[in-house]
$ cat work-v3.txt   # compact mmCIF, C-alpha atoms
# COMPACT_ATOMS: atom_id res chain seq x y z
CA MET A 461 30.80 12.48 -57.04
CA ASP A 462 29.31 14.85 -54.45
CA MET A 463 25.54 14.54 -54.79
CA ASP A 464 24.67 17.50 -52.55
CA ALA A 465 25.22 21.09 -53.68
CA GLY A 466 25.18 22.67 -50.22
CA THR A 467 23.09 23.48 -47.18
CA GLY A 468 21.73 26.95 -47.82
CA ASP A 469 18.41 28.29 -46.53
CA VAL A 470 15.71 27.58 -49.11
CA ARG A 471 12.78 29.93 -48.51
CA ALA A 472 11.28 30.40 -51.97
CA GLU A 473 9.79 27.84 -54.29
CA ILE A 474 10.81 27.50 -57.91
CA GLY A 475 7.83 28.16 -60.16
CA MET A 476 6.92 25.03 -62.10
CA VAL A 477 4.79 24.65 -65.22
CA SER A 478 2.79 21.55 -66.16
CA VAL A 479 3.92 20.11 -69.50
CA PRO A 480 1.39 17.82 -71.20
CA PRO A 481 2.37 14.45 -72.67
CA GLY A 482 3.20 14.14 -76.34
CA ARG A 483 5.62 12.88 -78.93
CA VAL A 484 8.74 14.55 -80.28
CA THR A 485 11.21 13.52 -82.97
CA LEU A 486 14.82 14.15 -81.97
CA SER A 487 17.50 14.55 -84.61
CA ASP A 488 21.27 14.77 -84.77
CA ARG A 489 22.96 16.61 -87.64
CA ARG A 490 26.33 14.91 -87.13
CA SER A 491 25.02 11.38 -87.51
CA ARG A 492 22.03 12.36 -89.71
CA ARG A 493 19.89 10.23 -87.44
CA SER A 494 16.39 10.94 -86.11
CA TRP A 495 14.28 9.04 -83.62
CA PRO A 496 10.76 9.51 -82.17
CA VAL A 497 10.21 9.65 -78.41
CA GLU A 498 7.02 9.47 -76.38
CA VAL A 499 7.09 12.07 -73.60
CA ALA A 500 5.03 11.67 -70.44
CA SER A 501 3.55 14.60 -68.58
CA CYS A 502 6.06 16.36 -66.32
CA ARG A 503 6.63 19.65 -64.56
CA LEU A 504 9.33 22.03 -65.76
CA ALA A 505 10.62 25.24 -64.21
CA ALA A 506 9.21 28.34 -65.93
CA PHE A 507 12.71 29.89 -65.93
CA PRO A 508 16.30 28.69 -65.85
CA VAL A 509 17.58 28.47 -62.27
CA THR A 510 18.58 31.97 -61.18
CA ARG A 511 21.63 32.98 -59.20
CA ALA A 512 19.40 33.78 -56.23
CA GLU A 513 17.77 30.34 -56.32
CA TYR A 514 21.14 28.64 -56.67
CA ALA A 515 22.45 30.66 -53.74
CA ARG A 516 19.60 29.61 -51.46
CA VAL A 517 20.53 25.97 -51.98
CA THR A 518 24.32 26.20 -52.07
CA GLY A 519 24.85 28.96 -49.51
CA GLN A 520 26.54 31.25 -52.02
CA ARG A 521 25.63 34.93 -52.08
CA PRO A 522 25.31 36.65 -55.45
CA ALA A 523 25.38 40.42 -55.77
CA ALA A 524 21.87 41.89 -55.42
CA ARG A 525 21.91 43.18 -58.98
CA GLU A 526 22.64 39.65 -60.24
CA GLU A 527 19.90 37.74 -58.41
CA ARG A 528 17.58 37.47 -61.44
CA LEU A 529 20.33 36.43 -63.82
CA PRO A 530 20.40 32.73 -64.74
CA VAL A 531 23.09 30.86 -62.90
CA ALA A 532 25.97 29.94 -65.23
CA ASP A 533 29.47 28.53 -64.87
CA VAL A 534 27.82 25.40 -63.50
CA SER A 535 28.69 21.90 -64.63
CA TRP A 536 26.27 19.05 -65.24
CA ALA A 537 27.53 17.55 -61.98
CA ASP A 538 26.81 20.85 -60.17
CA ALA A 539 23.28 20.83 -61.58
CA VAL A 540 22.69 17.25 -60.42
CA GLY A 541 23.91 18.18 -56.94
CA PHE A 542 21.59 21.19 -56.87
CA CYS A 543 18.61 19.02 -57.81
CA ASN A 544 19.29 16.59 -54.96
CA SER A 545 19.86 19.36 -52.43
CA LEU A 546 16.66 21.17 -53.40
CA SER A 547 14.74 17.90 -53.13
CA ARG A 548 16.05 17.28 -49.62
CA HIS A 549 15.21 20.83 -48.54
CA GLU A 550 11.62 20.32 -49.68
CA GLY A 551 11.24 16.84 -48.16
CA LEU A 552 11.26 15.06 -51.51
CA ARG A 553 13.13 11.91 -52.48
CA PRO A 554 16.29 12.81 -54.45
CA ALA A 555 16.30 11.61 -58.03
CA TYR A 556 20.03 10.88 -58.28
CA ARG A 557 22.49 8.62 -56.53
CA PRO A 558 26.20 7.95 -57.14
CA THR A 559 27.19 4.64 -58.68
CA ASP A 560 30.17 2.46 -57.81
CA ASP A 561 31.95 3.46 -61.03
CA GLY A 562 31.80 7.16 -60.20
CA GLY A 563 28.76 7.89 -62.34
CA VAL A 564 25.20 8.92 -61.55
CA ALA A 565 22.03 6.83 -61.60
CA TRP A 566 18.52 8.29 -61.94
CA ASP A 567 15.80 6.81 -59.73
CA THR A 568 12.85 7.32 -62.06
CA SER A 569 10.36 6.60 -59.25
CA ALA A 570 11.63 9.52 -57.14
CA ASP A 571 9.44 12.61 -56.69
CA GLY A 572 12.38 15.04 -56.34
CA TYR A 573 13.84 17.60 -58.68
CA ARG A 574 15.94 16.52 -61.64
CA LEU A 575 17.22 17.67 -65.00
CA PRO A 576 14.83 17.29 -67.95
CA THR A 577 15.58 14.67 -70.53
CA GLU A 578 16.37 16.19 -73.90
CA ALA A 579 13.07 14.82 -75.27
CA GLU A 580 11.18 16.53 -72.46
CA TRP A 581 13.18 19.69 -73.09
CA GLU A 582 12.47 19.81 -76.84
CA HIS A 583 8.80 18.88 -76.40
CA ALA A 584 8.43 21.65 -73.82
CA CYS A 585 10.36 24.14 -75.93
CA ARG A 586 8.20 23.55 -78.99
CA ALA A 587 4.95 23.82 -76.98
CA GLY A 588 2.94 22.36 -79.83
CA THR A 589 4.74 24.20 -82.63
CA GLU A 590 6.59 22.48 -85.46
CA GLY A 591 9.02 25.10 -86.77
CA PRO A 592 12.58 25.79 -85.62
CA ARG A 593 11.34 28.24 -82.95
CA TYR A 594 8.16 28.99 -81.03
CA GLY A 595 8.18 32.65 -82.13
CA ALA A 596 10.24 35.38 -83.75
CA LEU A 597 13.76 35.05 -82.36
CA ASP A 598 14.14 38.68 -81.27
CA ASP A 599 10.89 38.43 -79.33
CA ILE A 600 11.68 35.21 -77.46
CA ALA A 601 15.45 34.98 -77.00
CA TRP A 602 18.65 36.75 -76.04
CA TYR A 603 21.27 35.79 -78.62
CA ARG A 604 24.27 37.45 -80.23
CA GLY A 605 22.09 39.64 -82.44
CA ASN A 606 20.39 41.43 -79.52
CA SER A 607 22.15 40.50 -76.26
CA ARG A 608 25.01 43.02 -76.49
CA GLU A 609 27.10 39.92 -75.75
CA ARG A 610 26.05 39.55 -72.14
CA VAL A 611 23.62 37.46 -70.11
CA HIS A 612 20.22 38.95 -69.20
CA GLU A 613 17.70 38.51 -66.40
CA VAL A 614 15.33 35.60 -66.84
CA GLY A 615 11.87 36.35 -68.18
CA GLY A 616 12.91 39.33 -70.29
CA ARG A 617 11.61 37.86 -73.53
CA ARG A 618 8.20 36.42 -74.44
CA PRO A 619 7.34 32.91 -73.18
CA ASN A 620 6.11 30.07 -75.33
CA ALA A 621 2.48 28.95 -75.38
CA TRP A 622 2.95 26.84 -72.26
CA GLY A 623 4.39 29.67 -70.16
CA LEU A 624 8.07 28.70 -70.36
CA TYR A 625 10.61 31.51 -70.66
CA ASP A 626 14.13 31.57 -72.13
CA MET A 627 13.87 28.12 -73.66
CA LEU A 628 15.96 29.55 -76.48
CA GLY A 629 18.89 31.90 -75.92
CA ASN A 630 20.34 33.49 -72.76
CA VAL A 631 22.04 30.31 -71.45
CA TRP A 632 22.41 26.78 -72.76
CA GLU A 633 20.69 24.24 -70.52
CA TRP A 634 22.02 20.91 -69.30
CA CYS A 635 19.83 17.86 -69.92
CA TRP A 636 20.07 14.45 -68.28
CA ASP A 637 21.03 12.51 -71.40
CA VAL A 638 24.38 11.20 -72.53
CA TYR A 639 25.04 12.65 -76.00
CA ASP A 640 26.55 9.61 -77.74
CA ALA A 641 28.30 7.16 -75.43
CA GLU A 642 30.06 5.23 -78.21
CA VAL A 643 31.71 8.35 -79.64
CA TYR A 644 31.84 10.88 -76.78
CA GLY A 645 31.74 8.74 -73.63
CA THR A 646 30.15 10.55 -70.70
CA TYR A 647 29.50 13.85 -72.52
CA ARG A 648 26.03 15.21 -71.73
CA VAL A 649 23.49 17.06 -73.85
CA LEU A 650 23.06 20.84 -73.86
CA ARG A 651 20.04 22.54 -75.40
CA GLY A 652 18.68 25.97 -76.29
CA GLY A 653 21.54 28.22 -77.37
CA GLY A 654 22.98 31.13 -75.42
CA TRP A 655 23.55 34.89 -75.37
CA PHE A 656 26.77 34.60 -77.40
CA ASP A 657 25.38 32.31 -80.11
CA GLU A 658 24.33 33.17 -83.64
CA HIS A 659 20.70 32.68 -84.63
CA TRP A 660 21.24 29.21 -86.11
CA SER A 661 22.18 27.79 -82.70
CA CYS A 662 18.97 29.06 -81.09
CA ARG A 663 16.57 26.47 -82.50
CA ALA A 664 14.44 23.85 -80.78
CA SER A 665 16.26 20.95 -82.46
CA VAL A 666 19.89 22.00 -81.92
CA ARG A 667 21.98 19.64 -79.78
CA ARG A 668 25.33 20.47 -78.20
CA ARG A 669 27.52 18.29 -76.01
CA SER A 670 30.06 18.76 -73.23
CA HIS A 671 31.84 16.90 -70.46
CA PRO A 672 29.81 16.72 -67.22
CA THR A 673 32.48 18.71 -65.35
CA PHE A 674 32.57 21.54 -67.93
CA ARG A 675 31.77 25.08 -66.72
CA VAL A 676 31.41 28.21 -68.86
CA ASP A 677 29.59 31.54 -68.64
CA ASP A 678 26.78 30.71 -71.08
CA VAL A 679 25.71 27.34 -69.66
CA GLY A 680 23.06 26.92 -66.96
CA PHE A 681 20.04 24.66 -66.39
CA ARG A 682 16.41 24.44 -65.34
CA VAL A 683 14.81 21.79 -63.17
CA ALA A 684 12.05 19.27 -63.82
CA ARG A 685 9.93 16.88 -61.79
CA SER A 686 8.28 13.66 -62.90
CA VAL A 687 4.51 13.18 -62.76
CA GLY A 688 3.78 9.52 -62.10
CA GLY A 689 6.50 8.11 -64.34
CA ALA A 690 9.99 8.30 -65.74
CA GLY A 691 9.24 11.01 -68.27
CA GLN A 692 10.10 9.44 -71.60
CA GLY A 693 10.67 6.27 -73.53
CA PRO A 694 11.78 5.45 -77.07
CA VAL A 695 9.17 4.62 -79.66
CA GLY A 696 9.53 1.43 -81.68
$ encode --input "work-v3.txt" --output "structure tokens"
Amino acid sequence: MDMDAGTGDVRAEIGMVSVPPGRVTLSDRRSRRSWPVEVASCRLAAFPVTRAEYARVTGQRPAAREERLPVADVSWADAVGFCNSLSRHEGLRPAYRPTDDGGVAWDTSADGYRLPTEAEWEHACRAGTEGPRYGALDDIAWYRGNSRERVHEVGGRRPNAWGLYDMLGNVWEWCWDVYDAEVYGTYRVLRGGGWFDEHWSCRASVRRRSHPTFRVDDVGFRVARSVGGAGQGPVG
């Protein structure tokens, strides 16, 4: 697997938000299973990666009118490559390395950019709230009911209490985690819902899965960085 997304000119930093530590209970409707996870403090991008930011790393050139749109049609593998490339551009140690079996290993001691774990993602999405969403859906998210069935610029809806935008709606976001290795093999977790989804998919707890090479026009990602640790660990 290519672990470098390109050699573009990176001249603008991605805005990152400090996420405090906490605990979140993940759940899966298919298996009717739930499990608590302790989440360490981390830093998470305020917005999904935009087309302009992706272009600066990969050397692609989006149309000017599309620069503030979230990048989509990117696979999990593309997102991992982007994280490593951005880390190298900023003089940070890349978080990911290829393994002999063609997979990807995460160096949890690295200070570079990475994908959030799904526990980090849900903890950050909730921002201290306990309901299905951190606000009224039409105020915080682009989804089928208000998107006119198209993607929108990042930051167009209200953020959550921790200053994170578009955690629900607009584009689904890749997470680091394997969904269920015994049933789905290498499929990775997607979170957040997208512009084409009905309201029930745009909830903090909803999990979706897809193959790490899958690309579609409502799937993107945002980046994270660790703060003195791996980011999460199971409880009990």
$ atom_distance --input "work-v3.txt" --atom1 "atom CA of A:Ala601" --atom2 "atom CA of A:Met627"
7.8 Å
$ residues_near_point --input "work-v3.txt" --point "(27.5, 20.9, -62.6)" --cutoff "9 Å" --atoms "only C-alpha atoms" --output "short mmCIF file (atom, residue, chain, number, x, y, z; two decimals) with C-alpha atoms, in the frame of the given file"
data_model
loop_
_atom_site.label_atom_id
_atom_site.label_comp_id
_atom_site.auth_asym_id
_atom_site.auth_seq_id
_atom_site.Cartn_x
_atom_site.Cartn_y
_atom_site.Cartn_z
CA ASP A 533 29.47 28.53 -64.87
CA VAL A 534 27.82 25.40 -63.50
CA SER A 535 28.69 21.90 -64.63
CA TRP A 536 26.27 19.05 -65.24
CA ALA A 537 27.53 17.55 -61.98
CA ASP A 538 26.81 20.85 -60.17
CA ALA A 539 23.28 20.83 -61.58
CA VAL A 540 22.69 17.25 -60.42
CA GLY A 541 23.91 18.18 -56.94
CA PHE A 542 21.59 21.19 -56.87
CA TRP A 634 22.02 20.91 -69.30
CA PRO A 672 29.81 16.72 -67.22
CA THR A 673 32.48 18.71 -65.35
CA PHE A 674 32.57 21.54 -67.93
CA ARG A 675 31.77 25.08 -66.72
CA GLY A 680 23.06 26.92 -66.96
#
$ residues_near_point --input "work-v3.txt" --point "(14.7, 15.3, -72.9)" --cutoff "10 Å" --atoms "all atoms listed in the file" --output "CSV table (one decimal) with C-alpha atoms, in the frame of the given file"
chain,number,residue,atom,x,y,z
A,484,VAL,CA,8.7,14.6,-80.3
A,486,LEU,CA,14.8,14.2,-82.0
A,497,VAL,CA,10.2,9.6,-78.4
A,499,VAL,CA,7.1,12.1,-73.6
A,575,LEU,CA,17.2,17.7,-65.0
A,576,PRO,CA,14.8,17.3,-68.0
A,577,THR,CA,15.6,14.7,-70.5
A,578,GLU,CA,16.4,16.2,-73.9
A,579,ALA,CA,13.1,14.8,-75.3
A,580,GLU,CA,11.2,16.5,-72.5
A,581,TRP,CA,13.2,19.7,-73.1
A,582,GLU,CA,12.5,19.8,-76.8
A,583,HIS,CA,8.8,18.9,-76.4
A,584,ALA,CA,8.4,21.6,-73.8
A,634,TRP,CA,22.0,20.9,-69.3
A,635,CYS,CA,19.8,17.9,-69.9
A,636,TRP,CA,20.1,14.4,-68.3
A,637,ASP,CA,21.0,12.5,-71.4
A,649,VAL,CA,23.5,17.1,-73.8
A,651,ARG,CA,20.0,22.5,-75.4
A,691,GLY,CA,9.2,11.0,-68.3
A,692,GLN,CA,10.1,9.4,-71.6
A,693,GLY,CA,10.7,6.3,-73.5
$ residues_around --input "work-v3.txt" --residues "A:Tyr594" --least-positions-apart "3" --cutoff "9 Å" --atoms "only C-alpha atoms" --output "number ranges by chain"
A: 585-591, 597, 600, 619-621, 663-664
$ atom_distance --input "work-v3.txt" --atom1 "atom CA of A:Gly563" --atom2 "atom CA of A:Val666"
25.7 Å
$ closest_residue --input "work-v3.txt" --among "A:Arg525, A:Arg493, A:His659, A:Arg668" --to "A:Ser607" --atoms "all atoms listed in the file"
A:His659
$ residues_around --input "work-v3.txt" --residues "A:Glu513" --least-positions-apart "2" --cutoff "9 Å" --atoms "only C-alpha atoms" --output "number ranges by chain"
A: 470, 472-474, 509-511, 515-518, 527-528, 531
$ atom_distance --input "work-v3.txt" --atom1 "atom CA of A:Asp678" --atom2 "atom CA of A:Trp632"
6.1 Å
$ closest_residue --input "work-v3.txt" --among "A:Asp677, A:Asp599, A:Glu633, A:Asp561" --to "A:Ala505" --atoms "only C-alpha atoms"
A:Glu633
$ decode --input "work-v3.txt" --residues "stretch 595-609 of chain A" --atoms "all heavy atoms" --output "CSV table (one decimal), in the first residue's frame"
chain,number,residue,atom,x,y,z
A,595,GLY,N,-27.4,19.0,18.8
A,595,GLY,CA,-28.3,20.1,18.5
A,595,GLY,C,-29.4,19.7,17.6
A,595,GLY,O,-29.5,18.5,17.1
A,596,ALA,N,-30.3,20.6,17.2
A,596,ALA,CA,-31.3,20.4,16.3
A,596,ALA,C,-30.7,20.1,14.9
A,596,ALA,O,-29.8,20.8,14.4
A,596,ALA,CB,-32.2,21.6,16.2
A,597,LEU,N,-31.1,19.0,14.3
A,597,LEU,CA,-30.5,18.5,13.1
A,597,LEU,C,-30.3,19.6,12.0
A,597,LEU,O,-29.3,19.7,11.3
A,597,LEU,CB,-31.2,17.3,12.5
A,597,LEU,CG,-30.5,16.5,11.4
A,597,LEU,CD1,-29.1,16.1,11.7
A,597,LEU,CD2,-31.3,15.3,10.9
A,598,ASP,N,-31.4,20.3,11.7
A,598,ASP,CA,-31.3,21.3,10.7
A,598,ASP,C,-30.4,22.5,11.0
A,598,ASP,O,-29.9,23.1,10.0
A,598,ASP,CB,-32.7,21.9,10.4
A,598,ASP,CG,-33.6,21.0,9.5
A,598,ASP,OD1,-33.2,20.8,8.4
A,598,ASP,OD2,-34.6,20.6,10.0
A,599,ASP,N,-30.0,22.7,12.2
A,599,ASP,CA,-29.1,23.7,12.6
A,599,ASP,C,-27.6,23.2,12.5
A,599,ASP,O,-26.7,24.1,12.3
A,599,ASP,CB,-29.3,24.1,14.0
A,599,ASP,CG,-30.6,24.8,14.3
A,599,ASP,OD1,-31.2,25.4,13.3
A,599,ASP,OD2,-31.1,24.9,15.4
A,600,ILE,N,-27.4,21.9,12.6
A,600,ILE,CA,-26.0,21.4,12.7
A,600,ILE,C,-25.5,20.6,11.5
A,600,ILE,O,-24.3,20.4,11.4
A,600,ILE,CB,-25.8,20.6,14.0
A,600,ILE,CG1,-26.7,19.3,14.0
A,600,ILE,CG2,-26.2,21.5,15.2
A,600,ILE,CD1,-26.4,18.4,15.1
A,601,ALA,N,-26.4,20.2,10.7
A,601,ALA,CA,-26.0,19.2,9.7
A,601,ALA,C,-26.7,19.4,8.3
A,601,ALA,O,-27.8,19.9,8.2
A,601,ALA,CB,-26.4,17.8,10.1
A,602,TRP,N,-26.0,19.1,7.2
A,602,TRP,CA,-26.5,19.0,5.9
A,602,TRP,C,-26.9,17.5,5.7
A,602,TRP,O,-26.0,16.6,5.7
A,602,TRP,CB,-25.5,19.4,4.8
A,602,TRP,CG,-25.1,20.8,4.9
A,602,TRP,CD1,-23.9,21.3,5.2
A,602,TRP,CD2,-25.9,22.0,4.6
A,602,TRP,NE1,-23.9,22.7,5.2
A,602,TRP,CE2,-25.2,23.1,4.8
A,602,TRP,CE3,-27.3,22.1,4.2
A,602,TRP,CZ2,-25.7,24.4,4.6
A,602,TRP,CZ3,-27.8,23.4,4.0
A,602,TRP,CH2,-27.0,24.5,4.2
A,603,TYR,N,-28.2,17.2,5.5
A,603,TYR,CA,-28.6,15.9,5.3
A,603,TYR,C,-29.7,15.9,4.2
A,603,TYR,O,-30.0,17.0,3.6
A,603,TYR,CB,-29.1,15.2,6.6
A,603,TYR,CG,-30.4,15.9,7.1
A,603,TYR,CD1,-31.6,15.2,7.1
A,603,TYR,CD2,-30.4,17.2,7.6
A,603,TYR,CE1,-32.8,15.7,7.5
A,603,TYR,CE2,-31.6,17.7,8.1
A,603,TYR,CZ,-32.8,17.0,8.0
A,603,TYR,OH,-34.0,17.6,8.5
A,604,ARG,N,-30.3,14.8,3.9
A,604,ARG,CA,-31.3,14.8,2.7
A,604,ARG,C,-32.4,15.8,2.9
A,604,ARG,O,-32.9,16.4,1.9
A,604,ARG,CB,-31.8,13.4,2.5
A,604,ARG,CG,-32.7,13.3,1.2
A,604,ARG,CD,-33.2,12.0,1.0
A,604,ARG,NE,-32.2,11.0,0.6
A,604,ARG,CZ,-32.5,9.8,0.1
A,604,ARG,NH1,-33.7,9.4,-0.1
A,604,ARG,NH2,-31.5,9.0,-0.2
A,605,GLY,N,-32.8,16.1,4.1
A,605,GLY,CA,-33.9,17.0,4.3
A,605,GLY,C,-33.6,18.4,4.0
A,605,GLY,O,-34.6,19.2,3.9
A,606,ASN,N,-32.4,18.9,4.0
A,606,ASN,CA,-32.0,20.3,3.7
A,606,ASN,C,-30.9,20.5,2.8
A,606,ASN,O,-30.6,21.7,2.4
A,606,ASN,CB,-31.8,21.0,5.0
A,606,ASN,CG,-30.5,20.5,5.7
A,606,ASN,OD1,-29.7,19.7,5.2
A,606,ASN,ND2,-30.3,21.0,7.0
A,607,SER,N,-30.2,19.4,2.3
A,607,SER,CA,-29.0,19.6,1.5
A,607,SER,C,-29.3,19.9,0.0
A,607,SER,O,-28.4,20.2,-0.7
A,607,SER,CB,-28.2,18.4,1.6
A,607,SER,OG,-28.8,17.3,0.9
A,608,ARG,N,-30.5,19.7,-0.4
A,608,ARG,CA,-30.9,19.7,-1.9
A,608,ARG,C,-30.0,18.7,-2.6
A,608,ARG,O,-29.7,18.8,-3.8
A,608,ARG,CB,-30.7,21.1,-2.5
A,608,ARG,CG,-31.5,22.2,-1.8
A,608,ARG,CD,-31.5,23.5,-2.5
A,608,ARG,NE,-30.1,24.1,-2.4
A,608,ARG,CZ,-29.6,24.7,-1.4
A,608,ARG,NH1,-30.3,24.8,-0.3
A,608,ARG,NH2,-28.4,25.2,-1.5
A,609,GLU,N,-29.7,17.6,-1.9
A,609,GLU,CA,-29.0,16.4,-2.4
A,609,GLU,C,-27.7,16.8,-3.1
A,609,GLU,O,-27.3,16.4,-4.2
A,609,GLU,CB,-29.9,15.6,-3.3
A,609,GLU,CG,-31.1,15.1,-2.6
A,609,GLU,CD,-31.9,14.1,-3.4
A,609,GLU,OE1,-31.5,13.7,-4.6
A,609,GLU,OE2,-32.9,13.6,-2.9
